[in-house]
Every structure is written in structure tokens, then in C-alpha cells.
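Structure, as C-alpha cells:
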Amino acid sequence: MLKLALFVFDRTIEPAWLLAALSAAERDRYARFNNRKRGREYLASRWLLRQHLAGQLAAPAESLAIDYPTGAPPHCAAGGFYLGISHSGPACLCVISNTAHTGCDIEHIRSRRGDPRRIAEHYFHPDEARALAGVAPALRRADFHRLWTLKEAGLKTLGRGLAAGLRRPRFILRPALRCIEPPAPGDWSFAATEIGVEIDSARARFALAVAARTSTLAIEFERLTPADDTGRARRARLNTAWQIAIGA
Ligand SMILES: CC(C)(COP(=O)(O)OP(=O)(O)OC[C@H]1O[C@@H](n2cnc3c(N)ncnc32)[C@H](O)[C@@H]1OP(=O)(O)O)[C@@H](O)C(=O)NCCC(=O)NCCS
């Protein structure tokens with residue numbers, strides 16, 4: 001089972017509401033951020049992952065021992081969970097699984113500038129770049145983000161960054177999502193979707209993807225919101241339709 005959680009840090013949320021759920025070391029680290037955007041990403045991702053894990057472990061969020069090694073996925077010894085996080089603007093996504101290595105990615109669909117065809121030609125597999133060039137312009141940006149998030153989720157599942165290159169894993173999106181070449185040999189599953197979110201009275205769209213080293217896939221997806229200044233989370237199940245690809 002992959003358990004995904006989403007958090008959107010809009011203007012109605014006070015940073016102080018989230019701080020109560022962080023460890024003392026994380027609160028100190030947050031206080032030292034000069035870059036406001038990076039500080040918010042840090043706060044949102046730590047709050048979300050702690051609340052998500054605390055819900056599974058029935059432990060206080062601030063008490064969990066979580067490491068965030070540079071250039072690697074986060075790690076928590078308790079519960080034997082594999083963890084993944086991603087942020088894009090005010091949105092933050094995390095995934096946990098106690099059965100399979102996993103990784104996730106979220107991208108604001110308008111956040112990457114430039115022509116998706118040029119970026120795809122440069123970074124993606126030539127077949128993916130050709131498919132993207134052939135798709136109707138109205139669908140192209142969403143397809144591009146779908147591919148990008150799937151690839152990044154696969155690479156993060158392996159514990160790799162983007163430096164390893166984005167040609168592999170390789171996908172086709174139409175008529176249905178398929179993984180043509182997995183990131184490494186073995187069983188894999190991928191899921192991708194898009195969601196619309198109201199942020200500060202505007203509607204934003206995000207592409208989301210998750211990957212796992214498993215041949216079966218069940219996804220549970222929740223949106224978490226801080227309930228009050230204790231940092232406790234209100235949880236709402238999201239019934240999102242996922243495109244799924246399973247294969248070796
Ligand atoms: C890791 C990487 C793929 C993340 O991509 P991104 O779109 O910038 O960021 P996302 O929000 O989707 O993901 C960030 C999270 O991925 C996780 N992560 C970092 N490296 C990872 C890895 N090798 N494998 C899995 N997860 C990783 C971290 O938890 C990070 O969260 P944090 O920054 O809040 O600690 C990308 O930054 C990369 O390739 N980095 C390699 C180079 C590097 O490590 N530079 C360090 C900064 S100089």
C-alpha cells in the first residue's frame with residue numbers, strides 16, 4: 001500500500017500552526033531560513049511528513065526521529081517505512097510505504113517555463129520528445145508534466161537525483177500509460193494524475209506521480225490541513241483517478 005498525502009500552504013495558514021508538530025531541531029533550522037519560499041517549503045514538507053507518519057504510527061508527530069540526508073530520501077527508523085517528499089510552490093506531496101521503495105513528485109503545471117518540446121528534446125528519450133511534439137498543443141503542457149513527474153518519481157525511488165539523466169525511465173502516455181523501460185531491472189509500478197487546487201482564490205493545477213518497486217499497486221490519498229495552532233492535522237480522503245502502469 002502506498003499512502004500519499006498532500007498539503008497546500010495557502011495564505012489562510014499561519015506558519016506558527018505548523019511549527020508545533022516539528023522537532024526542536026527542525027524549528028531551529030526553520031528559524032534560520034533567509035529565503036522565505038525555501039523556508040515555507042521546508043516547514044510544509046516537515047509538517048506533512050510528520051503528520052502523515054504520526055497517523056500511521058499513532059505517535060506524536062514532534063516525537064518522531066526523521067533524518068533528511070542531503071541528496072537522498074528522508075528516513076525514519078520507526079515503522080520501517082520508505083519515504084518520499086516533493087514540493088512545488090505552495091503544494092507539498094509525500095508518500096510512505098512499509099512494503100516497497102517508493103518516490104513521488106509534484107509539479108505546478110504552469111511552473112516550468114519554456115516550450116515543453118525544447119525541454120523534452122534536451123532531456124527526455126527521443127521517442128518521448130517525438131510523441132510530445134505530435135500531441136495537440138492544448139494537451140502538450142499537461143503531457144510534459146506527466147512525463148516529468150513520472151520520471152522524477154522513478155529516479156527518487158532509486159534514491160537518484162536528476163543528474164542521472166531523464167531518458168530512463170521511459171513512458172508512453174497514449175492511448176494509455178505504459179512504462180517502456182523501467183529505471184532499473186525488477187518489478188515497478190507507476191501512477192500519475194492531475195489535480196486542481198484552490199490557492200488564495202485562484203485555481204492551480206498540479207501534476208502528481210508516484211513510483212514503487214512492486215508489482216501490485218494500491219493507493220490511499222489524503223489531503224492534510226492544520227486544524228489549529230497545536231499543529232494537529234485534519235484529514236480528508238481524496239478520490240483521485242490515477243493512470244497506472246505496472247510492469248518489469
Ligand atoms: C533530488 C531532486 C531530484 C529533487 O528534485 P526537485 O524537483 O528539485 O525537488 P522536489 O521538491 O521534487 O524533491 C525534493 C525532495 O527530494 C528528496 N530527495 C533529495 N534527493 C533525493 C534522492 N537522491 N532520492 C530521493 N529523494 C531525494 C528530499 O527529501 C527533498 O526534500 P527537501 O529538499 O525538502 O529535503 C533534485 O534536486 C536533484 O537531482 N538533486 C541532486 C543534486 C543535489 O542533491 N543537489 C543538492 C543541492 S545543491
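Residues in the C-alpha cells are numbered from 1 in each chain, the chains being A, B, ... in the order shown, and ligands are numbered from 1 in the order shown.
When DSSP reads the backbone of this structure, the residues of range 135-238 of chain A it assigns to helix (DSSP H, G or I) are Pro137, Ala138, Leu139, Arg140, Arg141, Ala142, Asp143, Phe144, His145, Arg146, Leu147, Trp148, Thr149, Leu150, Lys151, Glu152, Ala153, Gly154, Leu155, Lys156, Thr157, Leu162, Ala163 and Ala164 of chain A.
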Selection to disk with C-alpha atoms, as a short mmCIF file (atom, residue, chain, number, x, y, z; two decimals), in the first residue's frame:
data_model
loop_
_atom_site.label_atom_id
_atom_site.label_comp_id
_atom_site.auth_asym_id
_atom_site.auth_seq_id
_atom_site.Cartn_x
_atom_site.Cartn_y
_atom_site.Cartn_z
CA PRO A 137 -0.83 21.95 -28.30
CA ALA A 138 -3.66 22.16 -25.75
CA LEU A 139 -2.58 18.82 -24.23
CA ARG A 140 1.15 19.22 -24.56
CA ARG A 141 2.00 21.03 -21.33
CA ALA A 142 -0.01 18.59 -19.21
CA ASP A 143 1.60 15.61 -21.00
CA PHE A 144 5.03 17.11 -20.47
CA HIS A 145 4.44 17.48 -16.72
CA ARG A 146 3.01 13.98 -16.52
CA LEU A 147 6.18 12.57 -18.07
CA TRP A 148 8.42 14.76 -15.94
CA THR A 149 6.76 13.75 -12.65
CA LEU A 150 6.73 10.05 -13.57
CA LYS A 151 10.43 10.14 -14.39
CA GLU A 152 11.34 12.08 -11.27
CA ALA A 153 9.26 9.77 -9.06
CA GLY A 154 11.06 6.75 -10.58
CA LEU A 155 14.51 8.27 -10.06
CA LYS A 156 13.72 9.23 -6.47
CA THR A 157 12.53 5.68 -5.78
CA LEU A 162 18.27 14.30 -11.84
CA ALA A 163 21.99 14.16 -12.60
CA ALA A 164 21.48 10.51 -13.65
#
With the cut-off set at 7 Å and counting only C-alpha atoms and all ligand atoms, tabulate each residue of chain A with an atom at most that distance from an atom of ligand 1, showing the nearest atom pair and its distance in Å to one decimal, ordered by chain and increasing number, as a Markdown table.
| residue | atom | partner | partner_atom_place_in_ligand_line | distance |
| --- | --- | --- | --- | --- |
| A:Glu41 | CA | ligand 1 | 34 (O) | 6.6 |
| A:Tyr42 | CA | ligand 1 | 34 (O) | 5.3 |
| A:Ser45 | CA | ligand 1 | 34 (O) | 6.1 |
| A:Tyr68 | CA | ligand 1 | 35 (O) | 5.9 |
| A:Thr70 | CA | ligand 1 | 44 (O) | 6.1 |
| A:Gly71 | CA | ligand 1 | 20 (N) | 3.4 |
| A:Ala72 | CA | ligand 1 | 21 (C) | 3.6 |
| A:Pro73 | CA | ligand 1 | 26 (N) | 3.6 |
| A:Pro74 | CA | ligand 1 | 29 (O) | 5.2 |
| A:Gly84 | CA | ligand 1 | 26 (N) | 6.0 |
| A:Ile85 | CA | ligand 1 | 15 (C) | 5.1 |
| A:Ser86 | CA | ligand 1 | 11 (O) | 3.5 |
| A:His87 | CA | ligand 1 | 11 (O) | 3.8 |
| A:Ser88 | CA | ligand 1 | 11 (O) | 6.0 |
| A:Gly103 | CA | ligand 1 | 25 (C) | 6.5 |
| A:Asp105 | CA | ligand 1 | 12 (O) | 5.1 |
| A:Ile106 | CA | ligand 1 | 12 (O) | 6.3 |
| A:Glu152 | CA | ligand 1 | 3 (C) | 6.2 |
| A:Leu155 | CA | ligand 1 | 24 (N) | 6.8 |
| A:Lys156 | CA | ligand 1 | 25 (C) | 3.6 |
| A:Thr157 | CA | ligand 1 | 25 (C) | 6.0 |
| A:Leu158 | CA | ligand 1 | 24 (N) | 6.5 |
| A:Gly159 | CA | ligand 1 | 24 (N) | 3.3 |
| A:Arg160 | CA | ligand 1 | 23 (N) | 3.9 |
| A:Gly161 | CA | ligand 1 | 39 (O) | 3.1 |
| A:Leu162 | CA | ligand 1 | 39 (O) | 3.5 |
| A:Ala163 | CA | ligand 1 | 39 (O) | 5.5 |
Near Trp17 in chain A, counting only C-alpha atoms, which residues have an atom at most 8 Å away, once you skip same-chain residues fewer than 6 positions from it, shown as an NGL selection string?
:A and (226 or 228-231)
Could those residues be written to a file, using N, CA, C and O atoms, as a PDB file, in the first residue's frame?
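Wrote it out as part32.pdb, contents follow:
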ATOM      1  N   PRO A 226      -3.705  21.834   8.653  1.00  0.00           N
ATOM      2  CA  PRO A 226      -3.577  22.019  10.100  1.00  0.00           C
ATOM      3  C   PRO A 226      -4.910  22.445  10.707  1.00  0.00           C
ATOM      4  O   PRO A 226      -5.579  23.342  10.187  1.00  0.00           O
ATOM      5  N   ASP A 228      -5.444  23.551  13.864  1.00  0.00           N
ATOM      6  CA  ASP A 228      -5.345  24.681  14.795  1.00  0.00           C
ATOM      7  C   ASP A 228      -3.881  24.902  15.158  1.00  0.00           C
ATOM      8  O   ASP A 228      -2.989  24.297  14.556  1.00  0.00           O
ATOM      9  N   ASP A 229      -3.628  25.742  16.152  1.00  0.00           N
ATOM     10  CA  ASP A 229      -2.241  26.077  16.473  1.00  0.00           C
ATOM     11  C   ASP A 229      -1.504  24.983  17.249  1.00  0.00           C
ATOM     12  O   ASP A 229      -0.362  25.171  17.652  1.00  0.00           O
ATOM     13  N   THR A 230      -2.121  23.822  17.438  1.00  0.00           N
ATOM     14  CA  THR A 230      -1.393  22.694  18.020  1.00  0.00           C
ATOM     15  C   THR A 230      -0.665  21.920  16.920  1.00  0.00           C
ATOM     16  O   THR A 230       0.086  21.000  17.210  1.00  0.00           O
ATOM     17  N   GLY A 231      -0.901  22.274  15.645  1.00  0.00           N
ATOM     18  CA  GLY A 231      -0.259  21.580  14.533  1.00  0.00           C
ATOM     19  C   GLY A 231      -0.948  20.283  14.171  1.00  0.00           C
ATOM     20  O   GLY A 231      -0.506  19.574  13.277  1.00  0.00           O
TER      21      GLY A 231
END
Compare A:Leu49, A:Ala24, A:Ala241, A:Ile246 by their minimum atom-to-atom distance to Leu93 in chain A, counting only C-alpha atoms, and give me the closest one.
A:Leu49
Min atom-atom distance to Glu198 in chain A from the set A:Pro15, A:Gly55, A:Pro90, A:Gly39, counting only C-alpha atoms, belongs to A:Pro90
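All residues in range 171-210 of chain A with a DSSP state of strand (DSSP E), computed from the backbone, read A:Phe171, A:Ile172, A:Arg178, A:Cys179, A:Ile180, A:Glu181, A:Trp188, A:Ser189, A:Phe190, A:Ala191, A:Ala192, A:Thr193, A:Glu194, A:Ile195, A:Gly196, A:Val197, A:Glu198, A:Ile199, A:Ala202, A:Arg203, A:Ala204, A:Arg205, A:Phe206, A:Ala207, A:Leu208, A:Ala209, A:Val210.
Counting only C-alpha atoms, the residue from A:Ile66, A:Ala233, A:Ile219, A:Ala202 that sits nearest to Arg11 in chain A is A:Ala202.
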Could you pull the residues within 10 Å of Arg167 in chain A, counting only C-alpha atoms, minus those fewer than 6 positions along the same chain, as an NGL selection string?
:A and (120 or 122-128 or 151 or 181 or 183)
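As for CA of Pro69 in chain A and CA of Thr99 in chain A, they are spaced 21.2 Å apart.
Of the listed residues (A:Ala5, A:Ile119, A:Ala54, A:Val197), A:Ala54 comes nearest to Arg232 in chain A; the distances count only C-alpha atoms.
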Please provide the set of residues having any atom within 8 Å of Leu83 in chain A, restricted to only C-alpha atoms, with same-chain residues fewer than 3 positions apart removed, written as a PDB file with N, CA and C atoms, in the first residue's frame.
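Okay, this is what ended up in around_21.pdb:
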ATOM      1  N   PRO A  73      16.515  10.306  -0.062  1.00  0.00           N
ATOM      2  CA  PRO A  73      15.171  10.438   0.509  1.00  0.00           C
ATOM      3  C   PRO A  73      15.213  10.500   2.037  1.00  0.00           C
ATOM      4  N   PRO A  74      14.174  11.055   2.660  1.00  0.00           N
ATOM      5  CA  PRO A  74      14.129  11.078   4.126  1.00  0.00           C
ATOM      6  C   PRO A  74      14.056   9.656   4.683  1.00  0.00           C
ATOM      7  N   HIS A  75      14.396   9.529   5.963  1.00  0.00           N
ATOM      8  CA  HIS A  75      14.417   8.197   6.570  1.00  0.00           C
ATOM      9  C   HIS A  75      13.912   8.273   8.007  1.00  0.00           C
ATOM     10  N   CYS A  76      13.043   7.302   8.369  1.00  0.00           N
ATOM     11  CA  CYS A  76      12.560   7.209   9.751  1.00  0.00           C
ATOM     12  C   CYS A  76      12.671   5.747  10.170  1.00  0.00           C
ATOM     13  N   CYS A  94       3.743  13.925  -0.073  1.00  0.00           N
ATOM     14  CA  CYS A  94       4.649  12.907   0.484  1.00  0.00           C
ATOM     15  C   CYS A  94       4.027  11.535   0.326  1.00  0.00           C
ATOM     16  N   VAL A  95       4.906  10.536   0.274  1.00  0.00           N
ATOM     17  CA  VAL A  95       4.464   9.144   0.125  1.00  0.00           C
ATOM     18  C   VAL A  95       5.172   8.310   1.176  1.00  0.00           C
ATOM     19  N   ILE A  96       4.449   7.345   1.735  1.00  0.00           N
ATOM     20  CA  ILE A  96       5.076   6.382   2.634  1.00  0.00           C
ATOM     21  C   ILE A  96       4.591   4.983   2.255  1.00  0.00           C
ATOM     22  N   SER A  97       5.487   4.016   2.445  1.00  0.00           N
ATOM     23  CA  SER A  97       5.115   2.627   2.192  1.00  0.00           C
ATOM     24  C   SER A  97       5.924   1.744   3.131  1.00  0.00           C
ATOM     25  N   HIS A 101      10.197   0.253  -1.772  1.00  0.00           N
ATOM     26  CA  HIS A 101      10.868   1.543  -2.030  1.00  0.00           C
ATOM     27  C   HIS A 101       9.927   2.388  -2.873  1.00  0.00           C
ATOM     28  N   THR A 102       9.818   3.653  -2.545  1.00  0.00           N
ATOM     29  CA  THR A 102       8.868   4.499  -3.252  1.00  0.00           C
ATOM     30  C   THR A 102       9.409   5.921  -3.392  1.00  0.00           C
ATOM     31  N   GLY A 103       8.820   6.673  -4.318  1.00  0.00           N
ATOM     32  CA  GLY A 103       9.190   8.071  -4.516  1.00  0.00           C
ATOM     33  C   GLY A 103       8.036   8.793  -5.173  1.00  0.00           C
TER      34      GLY A 103
END
Provide the CA of Ala59 in chain A to CA of Ala31 in chain A distance in Å, to one decimal place.
24.9 Å
